[in-house]
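data29.cif (mmCIF, C-alpha atoms)
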data_final
loop_
_atom_site.label_atom_id
_atom_site.label_comp_id
_atom_site.auth_asym_id
_atom_site.auth_seq_id
_atom_site.Cartn_x
_atom_site.Cartn_y
_atom_site.Cartn_z
CA MET A 143 66.39 52.18 86.46
CA SER A 144 67.98 52.71 89.89
CA PRO A 145 69.89 49.82 91.51
CA GLU A 146 67.29 49.69 94.32
CA ALA A 147 64.40 49.28 91.88
CA LYS A 148 66.39 46.67 89.98
CA ASN A 149 67.00 44.70 93.20
CA ILE A 150 63.29 44.76 94.11
CA GLU A 151 62.46 43.36 90.71
CA ILE A 152 64.91 40.46 90.87
CA GLU A 153 64.48 39.74 94.60
CA PRO A 154 61.78 37.01 94.18
CA ALA A 155 63.93 35.26 91.56
CA VAL A 156 66.97 35.44 93.84
CA ARG A 157 64.96 34.00 96.74
CA ASP A 158 63.63 31.20 94.57
CA LEU A 159 67.10 30.40 93.26
CA ARG A 160 68.59 30.32 96.76
CA ASN A 161 65.84 28.20 98.32
CA ARG A 162 65.11 25.72 95.57
CA THR A 163 68.41 25.27 93.77
CA LEU A 164 71.47 26.56 95.59
CA LYS A 165 70.45 25.32 99.03
CA LYS A 166 70.55 21.71 97.79
CA LEU A 167 74.15 21.95 96.63
CA PRO A 168 76.90 20.87 99.04
CA GLY A 169 78.83 24.07 99.81
CA ASP A 170 79.73 27.35 98.19
CA PHE A 171 82.26 25.91 95.79
CA SER A 172 79.64 23.59 94.28
CA ARG A 173 77.28 26.57 93.99
CA LEU A 174 79.97 28.63 92.30
CA VAL A 175 80.72 25.90 89.75
CA TYR A 176 76.99 25.35 89.15
CA LEU A 177 76.31 29.05 88.51
CA ALA A 178 79.37 29.45 86.30
CA SER A 179 78.32 26.44 84.25
CA SER A 180 74.81 27.91 83.79
CA ARG A 181 76.38 30.84 81.97
CA ASP A 182 76.67 31.06 78.21
CA TYR A 183 80.31 31.97 77.62
CA ASN A 184 79.52 33.71 74.34
CA THR A 185 76.92 36.08 75.71
CA GLY A 186 77.50 36.08 79.49
CA GLN A 187 73.78 35.33 80.03
CA TYR A 188 72.73 32.79 82.67
CA TYR A 189 70.02 30.20 81.97
CA HIS A 190 67.77 28.27 84.35
CA ASP A 191 64.82 26.34 82.93
CA GLY A 192 62.84 26.19 86.19
CA LEU A 193 63.14 29.90 86.90
CA ALA A 194 62.36 30.75 83.30
CA PHE A 195 58.79 29.43 83.87
CA LEU A 196 58.23 32.03 86.57
CA PHE A 197 60.35 35.01 85.50
CA SER A 198 61.58 36.69 82.34
CA GLN A 199 64.95 35.61 80.95
CA ASN A 200 66.43 39.00 81.82
CA VAL A 201 65.38 38.74 85.48
CA VAL A 202 66.60 35.12 85.69
CA SER A 203 69.99 36.09 84.32
CA GLN A 204 70.36 39.08 86.65
CA ALA A 205 69.34 37.02 89.68
CA MET A 206 71.85 34.30 88.84
CA ALA A 207 74.58 36.87 88.22
CA LEU A 208 73.89 38.43 91.62
CA CYS A 209 74.07 35.07 93.42
CA HIS A 210 77.22 34.21 91.48
CA ARG A 211 78.94 37.41 92.69
CA GLU A 212 77.74 36.91 96.28
CA ILE A 213 79.12 33.37 96.46
CA PHE A 214 82.33 34.41 94.75
CA ASP A 215 82.87 37.21 97.29
CA ARG A 216 82.26 34.81 100.17
CA LEU A 217 84.95 32.52 98.79
CA VAL A 218 87.37 35.41 98.21
CA TYR A 219 87.09 36.34 101.89
CA ALA A 220 87.09 32.75 103.16
CA SER A 221 90.29 31.67 104.90
CA LEU A 222 92.54 29.24 103.10
CA GLU A 223 91.54 26.52 105.55
CA GLU A 224 87.84 27.09 104.79
CA LEU A 225 88.51 27.16 101.07
CA ILE A 226 90.32 23.83 101.27
CA GLU A 227 87.31 22.37 103.09
CA GLU A 228 84.95 23.79 100.46
CA LEU A 229 87.06 22.37 97.67
CA ARG A 230 87.24 18.97 99.37
CA ASN A 231 83.44 18.91 99.72
CA TYR A 232 83.09 19.76 96.08
CA ILE A 233 85.57 17.06 95.01
CA SER A 234 83.74 14.40 97.01
CA SER A 235 80.40 15.49 95.51
CA THR A 236 81.68 14.92 91.96
CA ASN A 237 82.38 11.18 92.41
CA GLU A 238 85.65 11.61 90.54
CA ARG A 239 88.91 10.19 91.88
CA PRO A 240 90.48 13.02 93.92
CA GLU A 241 93.97 12.62 92.44
CA GLU A 242 92.61 12.81 88.89
CA PHE A 243 90.43 15.74 89.77
CA LEU A 244 93.33 17.64 91.33
CA LYS A 245 95.61 16.87 88.40
CA SER A 246 93.02 18.04 85.91
CA TRP A 247 92.15 21.23 87.79
CA LYS A 248 95.80 22.06 88.30
CA HIS A 249 96.83 21.54 84.69
CA LEU A 250 93.74 22.83 82.93
CA GLY A 251 93.10 25.64 85.39
CA SER A 252 89.37 24.83 85.17
CA TYR A 253 88.64 27.01 88.20
CA ARG A 254 89.40 30.11 86.13
CA VAL A 255 86.03 29.91 84.40
CA THR A 256 84.19 30.07 87.72
CA ILE A 257 84.95 33.80 88.15
CA PRO A 258 81.90 36.08 87.59
CA SER A 259 82.21 38.27 84.51
CA GLU A 260 81.79 41.47 86.52
CA CYS A 261 84.00 41.40 89.58
CA ASP A 262 86.87 43.26 91.15
CA GLU A 263 90.09 42.35 89.33
CA LEU A 264 92.07 42.16 92.55
CA GLY A 265 89.35 39.95 94.06
CA ALA A 266 89.73 37.62 91.08
CA GLU A 267 93.51 37.57 91.59
CA VAL A 268 93.07 36.70 95.28
CA PHE A 269 90.60 33.94 94.42
CA LEU A 270 92.84 32.36 91.75
CA SER A 271 95.87 32.49 94.01
CA ASN A 272 93.98 30.93 96.93
CA VAL A 273 92.49 28.13 94.82
CA LYS A 274 95.96 27.41 93.43
CA MET A 275 97.25 27.16 97.00
CA ALA A 276 94.31 25.01 98.10
CA LEU A 277 94.90 22.59 95.20
CA ALA A 278 98.61 22.36 96.03
CA ILE A 279 97.86 21.64 99.70
CA LEU A 280 95.22 19.03 98.86
CA GLU A 281 97.65 17.39 96.45
CA THR A 282 100.32 17.06 99.14
CA ARG A 283 97.73 15.53 101.46
CA GLN A 284 96.57 13.22 98.71
CA LYS A 285 100.06 11.82 97.98
CA PRO A 286 100.57 9.90 101.26
CA ALA A 287 97.02 8.51 101.00
CA SER A 288 97.56 7.16 97.49
CA GLN A 289 100.96 5.74 98.53
CA ASP A 290 99.24 3.88 101.39
CA GLU A 291 96.66 2.47 98.97
CA GLN A 292 99.38 1.22 96.63
CA SER A 293 101.40 -0.44 99.41
CA ALA A 294 98.25 -2.14 100.79
CA MET B 163 135.42 59.27 101.14
CA ARG B 164 133.31 58.40 104.17
CA GLN B 165 132.78 62.09 104.84
CA LEU B 166 130.97 62.37 101.53
CA LEU B 167 128.47 59.60 102.26
CA PRO B 168 125.88 61.82 104.07
CA TYR B 169 125.98 64.24 101.14
CA PHE B 170 125.37 61.38 98.73
CA GLY B 171 122.45 60.27 100.87
CA VAL B 172 120.88 63.73 100.93
CA ALA B 173 121.48 64.15 97.19
CA THR B 174 119.79 60.80 96.44
CA LEU B 175 116.81 61.73 98.60
CA LEU B 176 116.50 65.10 96.88
CA LEU B 177 116.68 63.45 93.47
CA ALA B 178 113.93 61.02 94.47
CA VAL B 179 111.70 63.87 95.67
CA LEU B 180 112.39 65.85 92.50
CA ALA B 181 111.59 62.84 90.33
CA LEU B 182 108.28 62.39 92.15
CA TRP B 183 107.54 66.08 91.85
CA ALA B 184 108.27 65.99 88.12
CA ARG B 185 106.05 62.95 87.76
CA GLN B 186 103.29 64.74 89.63
CA ILE B 187 103.55 67.80 87.38
CA PHE B 188 103.43 65.54 84.34
CA LEU B 189 100.38 63.71 85.67
CA THR B 190 98.47 66.93 86.33
CA HIS B 191 98.86 67.89 82.68
CA LYS B 192 97.00 64.82 81.49
CA THR B 193 93.80 65.34 79.56
CA ARG B 194 90.42 65.93 81.11
CA ILE B 195 89.11 62.64 79.70
CA GLU B 196 91.51 60.70 81.89
CA ILE B 197 90.69 62.84 84.89
CA GLN B 198 87.02 61.96 84.61
CA LEU B 199 87.70 58.23 84.87
CA PRO B 200 86.18 57.76 88.35
CA ARG B 201 82.72 58.80 87.15
CA LYS B 202 82.88 56.36 84.26
CA ARG B 203 84.06 53.53 86.43
CA GLU B 204 81.23 54.12 88.83
CA ALA B 205 78.82 52.96 86.15
CA ALA B 206 80.60 49.64 85.91
CA ALA B 207 79.55 49.03 89.48
CA VAL B 208 79.53 45.46 90.49
CA SER B 209 81.43 43.54 93.09
CA THR B 210 80.86 43.90 96.80
CA ALA B 211 84.56 43.29 97.45
CA SER B 212 86.22 46.44 98.81
CA HIS B 213 89.78 47.35 97.94
CA ASP B 214 90.77 48.05 101.55
CA ASP B 215 89.16 44.85 102.79
CA LEU B 216 91.10 42.93 100.17
CA GLY B 217 94.27 44.56 101.50
CA GLU B 218 93.46 43.24 104.95
CA ARG B 219 92.66 39.85 103.45
CA ILE B 220 95.99 39.70 101.59
CA PHE B 221 98.13 40.79 104.55
CA GLY B 222 96.15 38.90 107.19
CA LEU B 223 98.09 36.38 109.28
CA GLU B 224 95.37 33.72 109.49
CA ASP B 225 96.35 31.93 106.29
CA TRP B 226 100.06 32.09 107.07
CA ASP B 227 99.43 30.58 110.52
CA PHE B 228 97.56 27.74 108.89
CA VAL B 229 100.13 27.17 106.13
CA SER B 230 103.16 27.36 108.45
CA ARG B 231 101.62 24.84 110.86
CA ASN B 232 100.14 22.33 108.46
CA THR B 233 102.13 22.24 105.23
CA PRO B 234 105.63 21.28 104.07
CA PHE B 235 108.35 23.78 103.22
CA GLU B 236 107.66 23.86 99.44
CA ILE B 237 104.03 24.84 100.03
CA GLN B 238 105.09 27.56 102.48
CA LYS B 239 107.47 28.89 99.85
CA LEU B 240 104.72 28.84 97.22
CA PHE B 241 102.38 30.64 99.62
CA LEU B 242 104.88 33.43 100.32
CA HIS B 243 105.52 33.82 96.59
CA GLU B 244 101.79 34.03 95.81
CA ARG B 245 101.08 36.49 98.62
CA ALA B 246 104.02 38.70 97.63
CA ALA B 247 102.59 38.94 94.10
CA LEU B 248 99.15 39.82 95.49
CA ALA B 249 100.59 42.35 97.93
CA ILE B 250 102.52 44.13 95.19
CA SER B 251 99.45 44.12 92.96
CA TRP B 252 97.37 45.62 95.81
CA LEU B 253 99.94 48.35 96.46
CA ARG B 254 100.17 49.29 92.78
CA ARG B 255 96.40 49.50 92.50
CA THR B 256 96.17 51.57 95.70
CA ARG B 257 98.78 53.97 94.36
CA THR B 258 96.99 54.28 91.01
CA ARG B 259 93.70 54.90 92.76
CA ILE B 260 95.05 57.61 95.05
CA SER B 261 96.85 59.24 92.10
CA LEU B 262 93.59 59.34 90.20
CA VAL B 263 91.87 60.98 93.16
CA MET B 264 94.66 63.54 93.47
CA ARG B 265 94.45 64.40 89.78
CA THR B 266 90.71 64.94 90.12
CA HIS B 267 91.33 67.08 93.17
CA LEU B 268 93.96 69.17 91.39
CA VAL B 269 91.57 69.96 88.55
CA ALA B 270 88.88 70.91 91.06
CA ALA B 271 91.34 72.97 93.12
CA ARG B 272 92.33 75.00 90.07
CA GLN B 273 88.74 76.06 89.57
CA THR B 274 88.08 77.14 93.13
CA GLU B 275 88.56 80.66 94.47
CA ASP B 276 88.39 79.66 98.11
CA LEU B 277 91.65 77.71 98.14
CA GLN B 278 93.27 77.00 101.50
CA PRO B 279 97.05 76.84 100.98
CA ALA B 280 97.76 75.19 104.34
CA ASN B 281 95.40 72.32 103.62
CA GLU B 282 96.66 71.98 100.07
CA LEU B 283 100.25 71.83 101.26
CA LYS B 284 99.40 69.26 103.90
CA LEU B 285 97.63 67.17 101.30
CA ALA B 286 100.46 67.46 98.77
CA LEU B 287 103.07 66.47 101.36
CA SER B 288 101.10 63.49 102.57
CA TYR B 289 100.59 62.43 98.96
CA PHE B 290 104.34 62.56 98.29
CA VAL B 291 105.03 60.61 101.47
CA PHE B 292 102.41 58.10 100.42
CA LEU B 293 104.00 57.62 96.98
CA ILE B 294 107.46 57.14 98.47
CA LEU B 295 106.03 54.76 101.06
CA CYS B 296 104.30 52.68 98.37
CA ASP B 297 107.51 52.32 96.36
CA LEU B 298 109.51 51.44 99.47
CA LEU B 299 106.92 48.87 100.51
CA ILE B 300 106.97 47.24 97.08
CA GLY B 301 110.74 46.98 97.43
CA CYS B 302 110.43 45.57 100.98
CA ILE B 303 107.87 42.97 99.92
CA TRP B 304 110.00 41.98 96.99
CA LEU B 305 113.04 41.56 99.23
CA ARG B 306 111.58 40.31 102.51
CA GLY B 307 108.15 38.91 101.64
CA PRO B 308 104.66 40.05 102.70
CA ILE B 309 104.62 38.45 106.15
CA ARG B 310 107.73 40.17 107.50
CA THR B 311 106.60 43.49 106.01
CA ARG B 312 103.15 43.16 107.55
CA LYS B 313 103.59 45.73 110.35
CA THR B 314 104.66 48.42 107.90
CA ILE B 315 101.75 47.51 105.67
CA GLY B 316 99.38 48.01 108.60
CA GLN B 317 100.72 51.55 108.95
CA THR B 318 100.24 52.09 105.21
CA LEU B 319 96.63 50.97 105.44
CA ARG B 320 96.09 53.55 108.18
CA ALA B 321 97.92 56.20 106.11
CA VAL B 322 95.68 55.42 103.13
CA ALA B 323 92.58 55.78 105.31
CA TRP B 324 93.87 59.11 106.69
CA LEU B 325 94.72 60.42 103.22
CA ARG B 326 91.32 59.41 101.94
CA ARG B 327 89.56 61.25 104.77
CA ALA B 328 91.74 64.35 104.24
CA ILE B 329 90.96 64.35 100.52
CA GLU B 330 87.25 63.89 101.18
CA LEU B 331 87.21 66.83 103.60
CA LEU B 332 89.02 69.08 101.17
CA MET B 333 86.90 67.97 98.26
CA ALA B 334 83.71 68.61 100.21
CA ARG B 335 84.80 72.25 100.51
CA VAL B 336 86.08 72.86 97.03
CA ASP B 337 84.00 70.58 94.81
CA PRO B 338 80.93 68.87 96.31
CA ALA B 339 80.10 67.04 93.06
CA ASN B 340 83.50 65.35 92.88
CA CYS B 341 83.36 64.63 96.58
CA LYS B 342 80.16 62.67 96.07
CA THR B 343 81.81 60.68 93.29
CA LEU B 344 84.77 59.88 95.50
CA ARG B 345 82.60 58.75 98.39
CA THR B 346 80.69 56.47 96.06
CA SER B 347 83.79 54.97 94.54
CA PHE B 348 85.49 54.36 97.87
CA ASN B 349 82.67 53.52 100.24
CA HIS B 350 80.03 51.78 98.18
CA ARG B 351 82.56 49.15 97.20
CA THR B 352 81.56 49.27 93.59
CA VAL B 353 84.56 50.33 91.59
CA ARG B 354 86.42 47.87 89.45
CA SER B 355 90.12 48.11 90.08
#
Represent the structure from my file as structure tokens, please.
Amino acid sequence: MSPEAKNIEIEPAVRDLRNRTLKKLPGDFSRLVYLASSRDYNTGQYYHDGLAFLFSQNVVSQAMALCHREIFDRLVYASLEELIEELRNYISSTNERPEEFLKSWKHLGSYRVTIPSECDELGAEVFLSNVKMALAILETRQKPASQDEQSA
Amino acid sequence: MRQLLPYFGVATLLLAVLALWARQIFLTHKTRIEIQLPRKREAAAVSTASHDDLGERIFGLEDWDFVSRNTPFEIQKLFLHERAALAISWLRRTRTRISLVMRTHLVAARQTEDLQPANELKLALSYFVFLILCDLLIGCIWLRGPIRTRKTIGQTLRAVAWLRRAIELLMARVDPANCKTLRTSFNHRTVRS
């Protein structure tokens, strides 16, 4: 099947996914984490119960993979400042304490699993490097804030 | 002793050119399976991220402006270290990619009867210059960092674009099938590095 024909087939599923699920999430980083967590790490297949009612599993998985790559590419080309803002939005949406979140992400490297399985290797390198930088910058900003809290 | 220095310089340069030439000859004798890699990679089509765009992203000044204005010294140091690693990775991949294209071209050129020596020579020379430039740039980035080397990198990006166009033009004449493959792999932004 040609790529064009493939795109026509998954287009309604992509539209549905964008409008009903991804639109509600706060920012691209949240969307990236959501899509990566919908993926079975053993098979690389994506699962979405709501979409599965309307489309075949194969179409659902392809649509989610496409959106995953799109969002990933947007974040690869986002400036460091924008990426920091995205990451901050995501942290505040998780209701976790920022310092614990940053510590965990830095040490566990959790962001590594958010990379789509089929992507440009250099793009993945750029993304990992930028997230590492964004975490380091947020951590330095976090330190004075937590020191203020302690002294108060 | 000082009188000998220019001779040493010329000798070193000649040795470098000879080494590159030898490497090129060695590469052209690789098997056909390796030469056909671009076609295989095309099937693994996926990301919309283009290699050249990523080069611009890596060497862009926007992030450095932000980091140098808003972060402490340690973060700036970390940033320069990270970007240097990315820049070197980009250059190595660019060099590998162009080498692959040249190998494909050499195979195609051997099979053609309508060979144009002037064009071939021009292409070969620019390829050698490109290889030397890539190695020099890797050295510069390693020594001086990606931000200070940025201007030279800009020239390399232009040289890569020129070389790509030259190769495409030549390939269109000698081997239309390979030319189509090259266009796809470079322009449709689908090849995995």
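Near region 303-307 of chain B, within a cut-off of 8 Å and counting all atoms listed in the file, sit the residues Leu242, His243, Ala246, Ala249, Ile250, Leu299, Ile300, Arg310 and Thr311 of chain B, with same-chain residues fewer than 3 positions away left out.
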If we count all atoms listed in the file, what is near Lys245 (chain A) at a cut-off of 9 Å, once residues fewer than 4 positions away on the same chain are taken out, given as a PyMOL selection string? chain A and resi 240-241+249-250+277+281
Could the residues in this selection be written to a file with C-alpha atoms, as a PDB file, keeping the file's coordinate frame?
ATOM      1  CA  PRO A 240      90.480  13.020  93.920  1.00  0.00           C
ATOM      2  CA  GLU A 241      93.970  12.620  92.440  1.00  0.00           C
ATOM      3  CA  HIS A 249      96.830  21.540  84.690  1.00  0.00           C
ATOM      4  CA  LEU A 250      93.740  22.830  82.930  1.00  0.00           C
ATOM      5  CA  LEU A 277      94.900  22.590  95.200  1.00  0.00           C
ATOM      6  CA  GLU A 281      97.650  17.390  96.450  1.00  0.00           C
TER       7      GLU A 281
END
How many Å lie between CA of Leu217 (chain A) and CA of Phe269 (chain A), rounded to one decimal? 7.3 Å
Using Å and a single decimal, report how far CA of Trp247 (chain A) sits from CA of Tyr219 (chain A).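 These two atoms are separated by 21.3 Å.
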For chain A, list the residues within 12 Å of chain B, counting only C-alpha atoms, and write the list as a ChimeraX atom specification. /A:144-145,204,207-226,257-283
Output the residue selection produced by the PyMOL selection byres ((chain A and resi 168-183) around 7) on the file above, formatted as JSON, numbers by chain. {"A": [164, 166, 167, 184, 185, 186, 187, 188, 189, 206, 210, 213, 214, 228, 229, 231, 232, 255, 256]}
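With CA of Leu283 (chain B) on one side and CA of Arg257 (chain B) on the other, the separation reads 19.2 Å.
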